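Right, one structure below, let's go through it.
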Amino acid sequence: MTQSPENNEILKRIMQREQEQLILLSICESLAMTENRAEFHQLVNSELKSKLEFEHFCIFLYQEAKEGYVLFYSSENSKLLQFKDDVIKTDFFDRVLNSPDPVLIPKPEIIKTGLQSIVDESYKSTIKKTLFCNVPSKRFQAVLCLGYSKDGKPERENLRLIKQLCSQLNITLTNILLLEKYIPLHGQSNQVTQDEKIHIPAHNMGIVGSSEPIQQVRNLISMVSESDTGVIILGESGTGKELVAKAIHENSGRRNKKLIKINCAAIPENLLESELFGHEKGSFTGAVSQKKGKFELAHNGTLFLDEIGELPLELQVKLLRALQEKEIERIGGHKTIAVNVRIIAATNRDLQQEITKGNFRADLYYRLNIFPIYIPSLKERIEDVKGLAQFFVQRFCVKNKQKIKTISAKAMRTLEMHSWPGNVRELEHAIERAVLLSHEKTIKEIAVSSYNDKTYTTADNTVIKSWREFEKDYLLSVLKFCNGRISGDNGAAALLDLPPTTLKSRMERLGIKKRHYLS
């Protein structure tokens, strides 16, 4: 049965939208992890440029003190150095800020914008059109400028992507500006006093704490950083494994190269191979252009593979080959690509136990487990809670434009007596919540979770589990009974009388993965 042209067109549009959402998800994930201009510059040139197909990318930022716009960022370093002190006063930016859609300016009309001194210099030979977009924000006024070397209007899907990108760009720029003290706190000038600066000594490698276990972690980082040895970081979820990976990279000989991060658990299995190794145009449905994988992007730098224990078995084989041969092949490609990458992996799983269960390859484990670093849980270094809490208070006061607060002795005792099942991440969220809820100079109360996953055994050997563990076991039994089917008449959601979206949300909250209920 042949499909009608109308159905083919609808299917084509659906596939285009799915591809757009995948690109947007990847871009937003990268932007969310960007904290400074150096990381932002790396992201623009390594990922945004290839996905949005522009030649030049710059951001103009309004500064009240100068009563005009300045060139805050340019993908061309020479342009930024040349024009960073120029103040731009033009009515054109008001037009962009008030426009619901991006404003496209052909090359001959660029002189009418009042930006010819900055834009036209490098556009004489390559750029044929320029797209200006408002970066929506309550804290600042900014305009994004994209230069294209192709004639005609940008593709409609590209325009949609750029509009959605600007919303995430607002969050990224806010973080960068706050950390650089561009945005003043309430009732303060741009100059922040020494007492209010969030300062971590360089020798601490960005890791807060003075306990013996965390000192041991710093010692191991110092030992391994300068070598090219692979590292595997072990520890519970929320202990700061990504922070340790960043410290290793920034103290290594590859510090001036890229640190590329990928969370193996956050990307669907059918997309993970493409994310790691890239693909050629047309290699599968939706592959509308060639894409470089994380290995290529990390060439001569460091690749951080977070949640390595979640990597599917078939991909473990390909990863092992890439590590041993130092070369990869894109999906649909026929040539090998040499890559020089330092691997840092991380997991909260017991990989030796996963090997016994058949979920992880022993040969890959031995290839990764060259220099293990164990990150202690927060309950193993409870003496660091006070320093971490004070650090987070300062960070979130700055982020939320509040005066720096202190923590009362009673609230601090609450923190030090808690078991912290969620580790540093749980502490960070508890402090952020307390900063937002407290309207005084001193935080008097900090709410912590009462959740506990411990199980108990009675005298007659009856096992008493927490409600969370009971719920997890029950859902797993239902999913196994339904052969892993979630939706539909015979699915687990129907059997439980729940909407499929609710069931999926509960599975995610309880950490239930496919491999837990599909043998």
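Ordered as shown in the structure tokens, chains take letters A, B, and onward, while each chain numbers its residues from 1 and ligands are numbered from 1 in the order shown.
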
### Message
When you look at range 511-519 of chain A with a cut-off of 8 Å (counting only C-alpha atoms), what residues show up, excluding the ones that are within fewer than 5 positions of it in the same chain? I need them as a count of residues only.
### Response
7

### Message
Run DSSP on the backbone and tell me which residues of range 196-395 of chain A come out as alpha helix (DSSP H); list them as an NGL selection string.
### Response
:A and (212-225 or 241-250 or 269-277 or 294-297 or 313-325 or 351-357 or 362-368 or 385-395)

### Close residues, range 367-371 of chain A itself excluded, 8 Å, only C-alpha atoms, min 2 positions apart in chain, as a PyMOL selection string
chain A and resi 224+229-232+320+345+363-365+373

Selection to disk with C-alpha atoms, as a short mmCIF file (atom, residue, chain, number, x, y, z; two decimals), in the first residue's frame:
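Once written, part.cif looks like this:
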```cif
data_model
loop_
_atom_site.label_atom_id
_atom_site.label_comp_id
_atom_site.auth_asym_id
_atom_site.auth_seq_id
_atom_site.Cartn_x
_atom_site.Cartn_y
_atom_site.Cartn_z
CA VAL A 224 47.73 11.52 37.59
CA THR A 229 46.83 7.82 31.84
CA GLY A 230 43.15 6.95 31.69
CA VAL A 231 41.21 7.55 34.90
CA ILE A 232 38.02 6.02 36.25
CA LEU A 320 36.98 -0.70 23.51
CA ALA A 345 35.24 7.67 32.89
CA ASP A 363 38.03 -6.38 28.86
CA LEU A 364 36.61 -2.84 28.79
CA TYR A 365 36.68 -2.69 32.59
CA ILE A 373 39.87 7.53 42.09
#
```

### Message
DSSP on the backbone: which residues in range 127-342 of chain A end up as strand (DSSP E)? Give the answer as a PyMOL selection string.
### Response
chain A and resi 129-135+142-148+231-234+259-263+278-279+291-292+302-306+327-328+337-338+342

What are the nearest atom pairs, with distances in Å to one decimal, for all residues of range 344-396 of chain A that come at most 7 Å from range 415-432 of chain A, using only C-alpha atoms, set out by chain and rising residue number as a tab-separated table?
```
residue	atom	partner	partner_atom	distance
A:Ser377	CA	A:Asn423	CA	6.0
A:Leu378	CA	A:Asn423	CA	5.1
A:Lys379	CA	A:Ser419	CA	5.8
A:Ile382	CA	A:Glu416	CA	6.4
A:Val385	CA	A:Glu416	CA	6.4
A:Ala389	CA	A:Ile431	CA	6.7
A:Phe392	CA	A:Glu428	CA	6.3
A:Val393	CA	A:Ile431	CA	6.3
A:Phe396	CA	A:Glu432	CA	6.0
```

Expected file contents, prior selection, N, CA and C atoms, as a PDB file, in the first residue's frame:
```
ATOM      1  N   SER A 377      31.605   9.525  49.875  1.00  0.00           N
ATOM      2  CA  SER A 377      30.265  10.097  50.041  1.00  0.00           C
ATOM      3  C   SER A 377      30.335  11.195  51.101  1.00  0.00           C
ATOM      4  N   LEU A 378      29.313  12.022  51.155  1.00  0.00           N
ATOM      5  CA  LEU A 378      29.339  13.149  52.086  1.00  0.00           C
ATOM      6  C   LEU A 378      29.307  12.665  53.542  1.00  0.00           C
ATOM      7  N   LYS A 379      28.637  11.527  53.784  1.00  0.00           N
ATOM      8  CA  LYS A 379      28.601  11.015  55.170  1.00  0.00           C
ATOM      9  C   LYS A 379      29.966  10.483  55.612  1.00  0.00           C
ATOM     10  N   ILE A 382      31.856  14.148  56.846  1.00  0.00           N
ATOM     11  CA  ILE A 382      30.836  15.043  57.393  1.00  0.00           C
ATOM     12  C   ILE A 382      31.445  16.355  57.878  1.00  0.00           C
ATOM     13  N   VAL A 385      30.926  19.407  55.636  1.00  0.00           N
ATOM     14  CA  VAL A 385      29.580  19.944  55.401  1.00  0.00           C
ATOM     15  C   VAL A 385      29.538  21.450  55.651  1.00  0.00           C
ATOM     16  N   ALA A 389      28.530  24.105  52.857  1.00  0.00           N
ATOM     17  CA  ALA A 389      27.308  24.880  53.052  1.00  0.00           C
ATOM     18  C   ALA A 389      27.586  26.376  52.908  1.00  0.00           C
ATOM     19  N   PHE A 392      28.127  27.236  49.220  1.00  0.00           N
ATOM     20  CA  PHE A 392      26.891  27.270  48.438  1.00  0.00           C
ATOM     21  C   PHE A 392      26.037  28.486  48.803  1.00  0.00           C
ATOM     22  N   VAL A 393      26.039  28.877  50.065  1.00  0.00           N
ATOM     23  CA  VAL A 393      25.296  30.075  50.465  1.00  0.00           C
ATOM     24  C   VAL A 393      25.805  31.285  49.688  1.00  0.00           C
ATOM     25  N   PHE A 396      24.753  31.052  45.889  1.00  0.00           N
ATOM     26  CA  PHE A 396      23.354  31.288  45.566  1.00  0.00           C
ATOM     27  C   PHE A 396      22.897  32.689  45.955  1.00  0.00           C
TER      28      PHE A 396
END
```

### Query
Quick one: distance from CA of Ile214 in chain A to CA of Arg255 in chain A in Å, one decimal?
22.4 Å

### Task
Go through A:Tyr69, A:Phe277, A:Phe470, A:Tyr148 and flag the residue nearest Lys107 in chain A, using only C-alpha atoms for the distances.
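Between A:Tyr69, A:Phe277, A:Phe470, A:Tyr148, the residue approaching Lys107 in chain A most closely is A:Tyr148.
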